[in-house]
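Visitor: Below you'll find data_16.cif; it's mmCIF, N, CA and C atoms.
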data_structure
loop_
_atom_site.label_atom_id
_atom_site.label_comp_id
_atom_site.auth_asym_id
_atom_site.auth_seq_id
_atom_site.Cartn_x
_atom_site.Cartn_y
_atom_site.Cartn_z
N MET M 1 10.80 -3.39 -46.72
CA MET M 1 10.99 -2.71 -45.45
C MET M 1 10.65 -3.67 -44.31
N ARG M 2 11.45 -3.68 -43.28
CA ARG M 2 11.23 -4.53 -42.13
C ARG M 2 10.45 -3.79 -41.07
N ALA M 3 9.61 -4.54 -40.40
CA ALA M 3 8.88 -3.98 -39.27
C ALA M 3 9.32 -4.72 -38.01
N THR M 4 9.17 -4.09 -36.89
CA THR M 4 9.51 -4.72 -35.63
C THR M 4 8.25 -4.86 -34.80
N ALA M 5 7.97 -6.07 -34.36
CA ALA M 5 6.82 -6.32 -33.49
C ALA M 5 7.32 -6.73 -32.13
N LEU M 6 6.68 -6.26 -31.10
CA LEU M 6 7.04 -6.61 -29.74
C LEU M 6 5.85 -7.30 -29.11
N ARG M 7 6.08 -8.51 -28.61
CA ARG M 7 5.03 -9.28 -27.94
C ARG M 7 5.53 -9.63 -26.55
N ILE M 8 4.76 -9.29 -25.54
CA ILE M 8 5.16 -9.57 -24.17
C ILE M 8 4.38 -10.78 -23.68
N ILE M 9 5.10 -11.75 -23.12
CA ILE M 9 4.50 -12.99 -22.63
C ILE M 9 4.90 -13.16 -21.18
N ARG M 10 3.95 -13.50 -20.33
CA ARG M 10 4.28 -13.81 -18.93
C ARG M 10 4.53 -15.30 -18.83
N GLY M 11 5.71 -15.68 -18.38
CA GLY M 11 6.08 -17.08 -18.27
C GLY M 11 6.04 -17.55 -16.84
N ALA M 12 5.98 -18.84 -16.64
CA ALA M 12 5.83 -19.39 -15.29
C ALA M 12 7.13 -19.41 -14.51
N ASN M 13 8.21 -19.91 -15.09
CA ASN M 13 9.43 -20.11 -14.30
C ASN M 13 10.68 -19.52 -14.92
N GLU M 14 10.58 -18.87 -16.01
CA GLU M 14 11.77 -18.51 -16.76
C GLU M 14 11.69 -17.05 -17.20
N ILE M 15 12.83 -16.41 -17.22
CA ILE M 15 12.92 -15.08 -17.79
C ILE M 15 13.90 -15.18 -18.94
N GLY M 16 13.48 -14.79 -20.11
CA GLY M 16 14.37 -14.90 -21.25
C GLY M 16 13.93 -14.01 -22.39
N ILE M 17 14.74 -13.91 -23.38
CA ILE M 17 14.40 -13.14 -24.57
C ILE M 17 14.79 -13.97 -25.77
N ARG M 18 13.90 -14.01 -26.76
CA ARG M 18 14.17 -14.73 -27.98
C ARG M 18 13.94 -13.78 -29.15
N ALA M 19 14.85 -13.77 -30.07
CA ALA M 19 14.69 -12.93 -31.25
C ALA M 19 14.76 -13.82 -32.47
N ALA M 20 13.90 -13.57 -33.42
CA ALA M 20 13.90 -14.35 -34.64
C ALA M 20 13.98 -13.40 -35.83
N GLU M 21 14.85 -13.71 -36.76
CA GLU M 21 14.99 -12.90 -37.97
C GLU M 21 14.12 -13.50 -39.07
N THR M 22 13.20 -12.72 -39.56
CA THR M 22 12.38 -13.09 -40.71
C THR M 22 12.25 -11.85 -41.56
N LEU M 23 11.30 -11.82 -42.47
CA LEU M 23 11.08 -10.58 -43.21
C LEU M 23 10.71 -9.44 -42.26
N ALA M 24 10.00 -9.78 -41.22
CA ALA M 24 9.70 -8.80 -40.17
C ALA M 24 10.30 -9.35 -38.88
N ALA M 25 11.24 -8.63 -38.30
CA ALA M 25 11.88 -9.10 -37.06
C ALA M 25 10.85 -9.11 -35.94
N SER M 26 10.84 -10.16 -35.14
CA SER M 26 9.93 -10.20 -34.00
C SER M 26 10.72 -10.60 -32.77
N PHE M 27 10.27 -10.12 -31.63
CA PHE M 27 10.94 -10.37 -30.37
C PHE M 27 9.91 -10.80 -29.36
N GLU M 28 10.26 -11.74 -28.50
CA GLU M 28 9.41 -12.14 -27.40
C GLU M 28 10.14 -11.89 -26.10
N LEU M 29 9.49 -11.21 -25.19
CA LEU M 29 10.02 -11.02 -23.84
C LEU M 29 9.20 -11.90 -22.92
N ILE M 30 9.86 -12.83 -22.24
CA ILE M 30 9.16 -13.72 -21.33
C ILE M 30 9.42 -13.23 -19.92
N LEU M 31 8.37 -12.83 -19.23
CA LEU M 31 8.49 -12.26 -17.89
C LEU M 31 7.90 -13.23 -16.87
N PRO M 32 8.37 -13.17 -15.63
CA PRO M 32 7.83 -14.06 -14.59
C PRO M 32 6.42 -13.67 -14.20
N LEU M 33 5.69 -14.60 -13.59
CA LEU M 33 4.33 -14.31 -13.15
C LEU M 33 4.29 -13.37 -11.96
N THR M 34 5.36 -13.32 -11.19
CA THR M 34 5.39 -12.47 -10.00
C THR M 34 6.52 -11.45 -10.13
N LEU M 35 6.40 -10.38 -9.38
CA LEU M 35 7.45 -9.38 -9.35
C LEU M 35 8.65 -9.92 -8.58
N PRO M 36 9.84 -9.37 -8.80
CA PRO M 36 11.01 -9.84 -8.06
C PRO M 36 10.87 -9.54 -6.58
N PRO M 37 11.62 -10.28 -5.75
CA PRO M 37 11.62 -9.95 -4.32
C PRO M 37 12.04 -8.50 -4.12
N GLY M 38 11.72 -7.94 -2.96
CA GLY M 38 11.98 -6.53 -2.71
C GLY M 38 13.43 -6.12 -2.77
N ASP M 39 14.37 -7.08 -2.65
CA ASP M 39 15.77 -6.72 -2.67
C ASP M 39 16.40 -6.91 -4.05
N ARG M 40 15.56 -7.03 -5.08
CA ARG M 40 16.09 -7.24 -6.44
C ARG M 40 15.29 -6.43 -7.45
N LEU M 41 15.93 -6.17 -8.58
CA LEU M 41 15.28 -5.50 -9.71
C LEU M 41 15.34 -6.42 -10.92
N LEU M 42 14.38 -6.31 -11.80
CA LEU M 42 14.39 -7.04 -13.06
C LEU M 42 15.12 -6.19 -14.08
N GLY M 43 16.15 -6.74 -14.69
CA GLY M 43 16.93 -5.98 -15.66
C GLY M 43 17.43 -6.85 -16.78
N LEU M 44 17.98 -6.24 -17.79
CA LEU M 44 18.51 -6.92 -18.96
C LEU M 44 20.00 -7.13 -18.77
N GLY M 45 20.45 -8.39 -18.77
CA GLY M 45 21.85 -8.71 -18.58
C GLY M 45 22.67 -8.51 -19.83
N ASN M 46 23.99 -8.60 -19.71
CA ASN M 46 24.90 -8.43 -20.84
C ASN M 46 24.67 -9.46 -21.94
N ASP M 47 24.12 -10.62 -21.58
CA ASP M 47 23.87 -11.67 -22.56
C ASP M 47 22.52 -11.52 -23.26
N GLY M 48 21.78 -10.46 -22.96
CA GLY M 48 20.49 -10.23 -23.60
C GLY M 48 19.33 -10.89 -22.90
N ALA M 49 19.58 -11.58 -21.79
CA ALA M 49 18.51 -12.24 -21.04
C ALA M 49 18.08 -11.38 -19.86
N PHE M 50 16.79 -11.43 -19.54
CA PHE M 50 16.31 -10.74 -18.36
C PHE M 50 16.73 -11.52 -17.13
N LYS M 51 17.15 -10.79 -16.10
CA LYS M 51 17.63 -11.42 -14.87
C LYS M 51 17.20 -10.57 -13.67
N TYR M 52 17.21 -11.20 -12.50
CA TYR M 52 17.05 -10.45 -11.26
C TYR M 52 18.42 -9.97 -10.83
N PHE M 53 18.53 -8.69 -10.49
CA PHE M 53 19.78 -8.12 -10.01
C PHE M 53 19.62 -7.73 -8.56
N ASN M 54 20.61 -8.07 -7.74
CA ASN M 54 20.60 -7.64 -6.35
C ASN M 54 20.84 -6.14 -6.30
N ILE M 55 20.10 -5.46 -5.45
CA ILE M 55 20.28 -4.02 -5.33
C ILE M 55 20.83 -3.65 -3.96
N GLY M 56 21.29 -4.64 -3.25
CA GLY M 56 21.88 -4.36 -1.94
C GLY M 56 20.94 -4.76 -0.83
N SER M 57 21.48 -4.75 0.35
CA SER M 57 20.69 -5.18 1.50
C SER M 57 20.02 -4.00 2.21
N SER M 58 20.26 -2.79 1.74
CA SER M 58 19.70 -1.61 2.39
C SER M 58 18.33 -1.30 1.81
N SER M 59 17.31 -1.44 2.62
CA SER M 59 15.97 -1.08 2.17
C SER M 59 15.15 -0.59 3.35
N TYR M 60 14.07 0.11 3.03
CA TYR M 60 13.17 0.65 4.03
C TYR M 60 11.75 0.51 3.51
N GLU M 61 10.83 0.09 4.35
CA GLU M 61 9.43 -0.05 3.95
C GLU M 61 8.54 0.64 4.96
N GLN M 62 7.52 1.33 4.45
CA GLN M 62 6.59 2.05 5.32
C GLN M 62 5.19 1.97 4.74
N THR M 63 4.22 1.76 5.61
CA THR M 63 2.82 1.86 5.17
C THR M 63 2.31 3.25 5.55
N PHE M 64 1.35 3.72 4.78
CA PHE M 64 0.76 5.03 5.06
C PHE M 64 -0.70 5.01 4.62
N GLN M 65 -1.44 5.96 5.11
CA GLN M 65 -2.85 6.09 4.75
C GLN M 65 -3.16 7.54 4.45
N ASN M 66 -4.41 7.82 4.09
CA ASN M 66 -4.79 9.15 3.65
C ASN M 66 -4.46 10.22 4.69
N SER M 67 -4.63 9.92 5.97
CA SER M 67 -4.37 10.91 7.02
C SER M 67 -2.90 11.30 7.12
N ASP M 68 -1.99 10.51 6.52
CA ASP M 68 -0.56 10.84 6.51
C ASP M 68 -0.19 11.81 5.39
N LEU M 69 -1.10 12.02 4.43
CA LEU M 69 -0.81 12.90 3.29
C LEU M 69 -1.10 14.35 3.66
N VAL M 70 -0.25 15.25 3.17
CA VAL M 70 -0.46 16.69 3.32
C VAL M 70 -0.56 17.25 1.90
N SER M 71 -1.73 17.73 1.53
CA SER M 71 -1.98 18.22 0.17
C SER M 71 -1.61 17.16 -0.87
N GLY M 72 -1.92 15.91 -0.58
CA GLY M 72 -1.67 14.82 -1.53
C GLY M 72 -0.23 14.34 -1.58
N LYS M 73 0.61 14.80 -0.65
CA LYS M 73 2.03 14.44 -0.64
C LYS M 73 2.42 13.82 0.70
N ILE M 74 3.46 12.99 0.66
CA ILE M 74 4.02 12.42 1.88
C ILE M 74 5.55 12.42 1.76
N VAL M 75 6.21 12.77 2.86
CA VAL M 75 7.67 12.70 2.92
C VAL M 75 8.02 11.38 3.60
N ILE M 76 8.87 10.60 2.94
CA ILE M 76 9.34 9.33 3.48
C ILE M 76 10.79 9.52 3.93
N THR M 77 11.04 9.33 5.21
CA THR M 77 12.39 9.42 5.75
C THR M 77 12.94 8.00 5.85
N HIS M 78 13.78 7.62 4.86
CA HIS M 78 14.26 6.24 4.76
C HIS M 78 15.59 6.02 5.47
N GLY M 79 16.40 7.05 5.65
CA GLY M 79 17.66 6.94 6.37
C GLY M 79 18.71 6.05 5.72
N LEU M 80 18.67 5.91 4.39
CA LEU M 80 19.59 5.00 3.70
C LEU M 80 20.90 5.66 3.27
N GLY M 81 21.02 6.98 3.42
CA GLY M 81 22.27 7.66 3.10
C GLY M 81 22.56 7.82 1.63
N LYS M 82 21.55 7.68 0.79
CA LYS M 82 21.69 7.86 -0.67
C LYS M 82 20.58 8.79 -1.14
N LYS M 83 20.93 9.77 -1.97
CA LYS M 83 19.92 10.72 -2.43
C LYS M 83 19.01 10.11 -3.49
N VAL M 84 19.61 9.50 -4.50
CA VAL M 84 18.81 8.88 -5.57
C VAL M 84 18.69 7.40 -5.25
N VAL M 85 17.46 6.97 -4.97
CA VAL M 85 17.20 5.59 -4.54
C VAL M 85 16.15 4.95 -5.45
N CYS M 86 16.05 3.64 -5.39
CA CYS M 86 14.97 2.91 -6.07
C CYS M 86 13.76 2.93 -5.16
N TRP M 87 12.58 2.93 -5.74
CA TRP M 87 11.36 2.97 -4.93
C TRP M 87 10.26 2.21 -5.64
N SER M 88 9.30 1.75 -4.87
CA SER M 88 8.07 1.17 -5.42
C SER M 88 6.94 1.49 -4.45
N ILE M 89 5.74 1.61 -5.00
CA ILE M 89 4.56 1.94 -4.21
C ILE M 89 3.45 0.98 -4.59
N ALA M 90 2.75 0.47 -3.59
CA ALA M 90 1.60 -0.40 -3.82
C ALA M 90 0.39 0.16 -3.09
N ASP M 91 -0.79 0.07 -3.72
CA ASP M 91 -2.01 0.54 -3.06
C ASP M 91 -2.55 -0.54 -2.13
N ASN M 92 -3.73 -0.33 -1.58
CA ASN M 92 -4.30 -1.27 -0.63
C ASN M 92 -4.75 -2.58 -1.28
N SER M 93 -4.71 -2.66 -2.61
CA SER M 93 -5.02 -3.91 -3.33
C SER M 93 -3.76 -4.56 -3.87
N ASP M 94 -2.60 -4.11 -3.41
CA ASP M 94 -1.29 -4.62 -3.83
C ASP M 94 -1.03 -4.41 -5.33
N ARG M 95 -1.58 -3.34 -5.89
CA ARG M 95 -1.29 -2.95 -7.27
C ARG M 95 -0.19 -1.90 -7.26
N ALA M 96 0.76 -2.02 -8.19
CA ALA M 96 1.83 -1.03 -8.30
C ALA M 96 1.23 0.31 -8.70
N ILE M 97 1.71 1.36 -8.09
CA ILE M 97 1.20 2.71 -8.31
C ILE M 97 2.32 3.60 -8.85
N LEU M 98 2.00 4.38 -9.86
CA LEU M 98 2.92 5.40 -10.36
C LEU M 98 2.47 6.74 -9.81
N PRO M 99 3.31 7.38 -9.01
CA PRO M 99 2.92 8.66 -8.40
C PRO M 99 2.97 9.78 -9.43
N ASP M 100 2.40 10.92 -9.05
CA ASP M 100 2.50 12.11 -9.90
C ASP M 100 3.95 12.54 -10.03
N GLU M 101 4.66 12.46 -8.89
CA GLU M 101 6.05 12.91 -8.89
C GLU M 101 6.77 12.36 -7.66
N ILE M 102 8.06 12.08 -7.83
CA ILE M 102 8.95 11.74 -6.72
C ILE M 102 10.04 12.79 -6.69
N THR M 103 10.29 13.37 -5.53
CA THR M 103 11.37 14.34 -5.37
C THR M 103 12.34 13.80 -4.33
N PHE M 104 13.60 13.66 -4.72
CA PHE M 104 14.64 13.22 -3.79
C PHE M 104 15.09 14.44 -3.01
N LEU M 105 14.69 14.53 -1.75
CA LEU M 105 14.93 15.74 -0.95
C LEU M 105 16.37 15.83 -0.46
N ASP M 106 16.90 14.74 0.07
CA ASP M 106 18.27 14.70 0.57
C ASP M 106 18.69 13.24 0.66
N ILE M 107 19.82 12.95 1.29
CA ILE M 107 20.34 11.57 1.30
C ILE M 107 19.51 10.63 2.18
N ASN M 108 18.53 11.15 2.89
CA ASN M 108 17.74 10.30 3.77
C ASN M 108 16.23 10.41 3.59
N SER M 109 15.77 11.18 2.60
CA SER M 109 14.32 11.32 2.45
C SER M 109 13.91 11.66 1.02
N LEU M 110 12.67 11.30 0.71
CA LEU M 110 12.07 11.64 -0.58
C LEU M 110 10.62 12.02 -0.36
N GLU M 111 10.08 12.76 -1.32
CA GLU M 111 8.68 13.17 -1.24
C GLU M 111 7.91 12.53 -2.37
N ILE M 112 6.76 11.96 -2.05
CA ILE M 112 5.91 11.31 -3.04
C ILE M 112 4.64 12.14 -3.19
N GLU M 113 4.31 12.50 -4.43
CA GLU M 113 3.07 13.23 -4.70
C GLU M 113 2.05 12.27 -5.31
N LEU M 114 0.87 12.22 -4.70
CA LEU M 114 -0.19 11.31 -5.13
C LEU M 114 -1.51 12.04 -5.37
N THR M 115 -1.47 13.32 -5.73
CA THR M 115 -2.70 14.12 -5.83
C THR M 115 -3.68 13.57 -6.87
N GLN M 116 -3.19 12.92 -7.92
CA GLN M 116 -4.09 12.40 -8.96
C GLN M 116 -5.05 11.34 -8.42
N TYR M 117 -4.70 10.71 -7.30
CA TYR M 117 -5.53 9.64 -6.73
C TYR M 117 -6.61 10.15 -5.78
N GLY M 118 -6.58 11.46 -5.47
CA GLY M 118 -7.55 12.00 -4.51
C GLY M 118 -7.34 11.34 -3.15
N PRO M 119 -8.40 11.28 -2.33
CA PRO M 119 -8.25 10.60 -1.04
C PRO M 119 -7.98 9.10 -1.28
N ILE M 120 -6.95 8.57 -0.65
CA ILE M 120 -6.62 7.16 -0.85
C ILE M 120 -7.36 6.32 0.20
N THR M 121 -7.61 5.07 -0.15
CA THR M 121 -8.35 4.16 0.72
C THR M 121 -7.42 3.11 1.28
N GLY M 122 -7.51 2.85 2.57
CA GLY M 122 -6.74 1.79 3.20
C GLY M 122 -5.27 2.14 3.34
N ALA M 123 -4.47 1.12 3.66
CA ALA M 123 -3.03 1.30 3.86
C ALA M 123 -2.29 1.04 2.55
N TRP M 124 -1.47 1.98 2.15
CA TRP M 124 -0.59 1.84 0.99
C TRP M 124 0.83 1.60 1.51
N THR M 125 1.68 1.04 0.67
CA THR M 125 3.04 0.71 1.08
C THR M 125 4.05 1.32 0.12
N VAL M 126 5.11 1.88 0.67
CA VAL M 126 6.24 2.34 -0.14
C VAL M 126 7.47 1.59 0.32
N ARG M 127 8.29 1.16 -0.64
CA ARG M 127 9.55 0.49 -0.34
C ARG M 127 10.64 1.27 -1.04
N VAL M 128 11.71 1.57 -0.30
CA VAL M 128 12.85 2.32 -0.82
C VAL M 128 14.09 1.45 -0.67
N CYS M 129 14.90 1.34 -1.74
CA CYS M 129 16.12 0.55 -1.71
C CYS M 129 17.30 1.40 -2.16
N ALA M 130 18.45 1.20 -1.50
CA ALA M 130 19.64 1.94 -1.87
C ALA M 130 20.66 1.02 -2.52
#
Re-express the file's structure as structure tokens.
Guide:
Amino acid sequence: MRATALRIIRGANEIGIRAAETLAASFELILPLTLPPGDRLLGLGNDGAFKYFNIGSSSYEQTFQNSDLVSGKIVITHGLGKKVVCWSIADNSDRAILPDEITFLDINSLEIELTQYGPITGAWTVRVCA
């Protein structure tokens, strides 16, 4: 019986995938040390290699703090004309944050729920891309 092992490695300058066939198949995913620029996403290309993909030139960024939240939620009016958009959130230490929930309200706004974090400290940032 074959087993599959997944090992993630952060690489300095290269994004790639290598697969080796042995009695147990193993795969290595080599990821960059930094996240992609705000106008790109990291994705798997048709050739099996990880690549940065352009997501367009339309983006919106806003900082917010605890006083901007209403019951742990904030509505972001991005004005990008797309209902389902890409988003990312960073806390005041520049760590990526996963919210409790994102609701796409209409083609120009979304609601972010952050109740699990309680009162937030400092300025957090949300970036929305269409």
Visitor: Taking the file as shown, what set of residues would the PyMOL selection byres ((chain M and resi 81) around 8) give back, as number ranges by chain?
Guide: M: 78-80, 82-84, 106-109, 130
Visitor: What does the distance between atom CA of M:Val75 and atom CA of M:Ser58 come to in Å, to one decimal place?
Guide: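 Computing it gives 18.7 Å between the two atoms.
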Visitor: Give the answer as one residue: which of M:Gln62, M:Ile76, M:Ala96, M:Arg127 has the shortest atom-to-atom distance to M:Glu111, using all atoms listed in the file?
Guide: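 Closest residue, counting all atoms listed in the file: M:Ile76.
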Visitor: Find, counting only N, CA and C atoms, the residue in M:Leu114, M:Ala90, M:Cys129, M:Ile120 that gets nearest to M:Ser71.
Guide: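 Of M:Leu114, M:Ala90, M:Cys129, M:Ile120, the one nearest M:Ser71 is M:Leu114, counting only N, CA and C atoms.
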Visitor: Do you have the atom CA of M:Phe104-atom N of M:Tyr117 distance handy?
Guide: 19.8 Å
Visitor: Report, in Å to a single decimal, how far apart atom C of M:Cys86 and atom CA of M:Ser67 are.
Guide: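 That distance, rounded to one decimal, is 23.3 Å.
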Visitor: Can you turn the PyMOL selection byres ((chain M and resi 63) around 6) into a concrete residue list for this file, as a PDB file with N, CA and C atoms, in the coordinates of the input?
Guide:
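File part.pdb, as written:
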ATOM      1  N   GLU M  61      10.830   0.090   4.350  1.00  0.00           N
ATOM      2  CA  GLU M  61       9.430  -0.050   3.950  1.00  0.00           C
ATOM      3  C   GLU M  61       8.540   0.640   4.960  1.00  0.00           C
ATOM      4  N   GLN M  62       7.520   1.330   4.450  1.00  0.00           N
ATOM      5  CA  GLN M  62       6.590   2.050   5.320  1.00  0.00           C
ATOM      6  C   GLN M  62       5.190   1.970   4.740  1.00  0.00           C
ATOM      7  N   PHE M  64       1.350   3.720   4.780  1.00  0.00           N
ATOM      8  CA  PHE M  64       0.760   5.030   5.060  1.00  0.00           C
ATOM      9  C   PHE M  64      -0.700   5.010   4.620  1.00  0.00           C
ATOM     10  N   GLN M  65      -1.440   5.960   5.110  1.00  0.00           N
ATOM     11  CA  GLN M  65      -2.850   6.090   4.750  1.00  0.00           C
ATOM     12  C   GLN M  65      -3.160   7.540   4.450  1.00  0.00           C
ATOM     13  N   ALA M 123      -4.470   1.120   3.660  1.00  0.00           N
ATOM     14  CA  ALA M 123      -3.030   1.300   3.860  1.00  0.00           C
ATOM     15  C   ALA M 123      -2.290   1.040   2.550  1.00  0.00           C
ATOM     16  N   TRP M 124      -1.470   1.980   2.150  1.00  0.00           N
ATOM     17  CA  TRP M 124      -0.590   1.840   0.990  1.00  0.00           C
ATOM     18  C   TRP M 124       0.830   1.600   1.510  1.00  0.00           C
ATOM     19  N   THR M 125       1.680   1.040   0.670  1.00  0.00           N
ATOM     20  CA  THR M 125       3.040   0.710   1.080  1.00  0.00           C
ATOM     21  C   THR M 125       4.050   1.320   0.120  1.00  0.00           C
ATOM     22  N   VAL M 126       5.110   1.880   0.670  1.00  0.00           N
ATOM     23  CA  VAL M 126       6.240   2.340  -0.140  1.00  0.00           C
ATOM     24  C   VAL M 126       7.470   1.590   0.320  1.00  0.00           C
TER      25      VAL M 126
END
Visitor: Can you work out which one of M:Tyr60, M:Ile74, M:Ser93, M:Leu69 has the shortest atom-to-atom distance to M:Glu113, counting only N, CA and C atoms?
Guide: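 Of the candidates, the smallest distance to M:Glu113 is held by M:Ile74.
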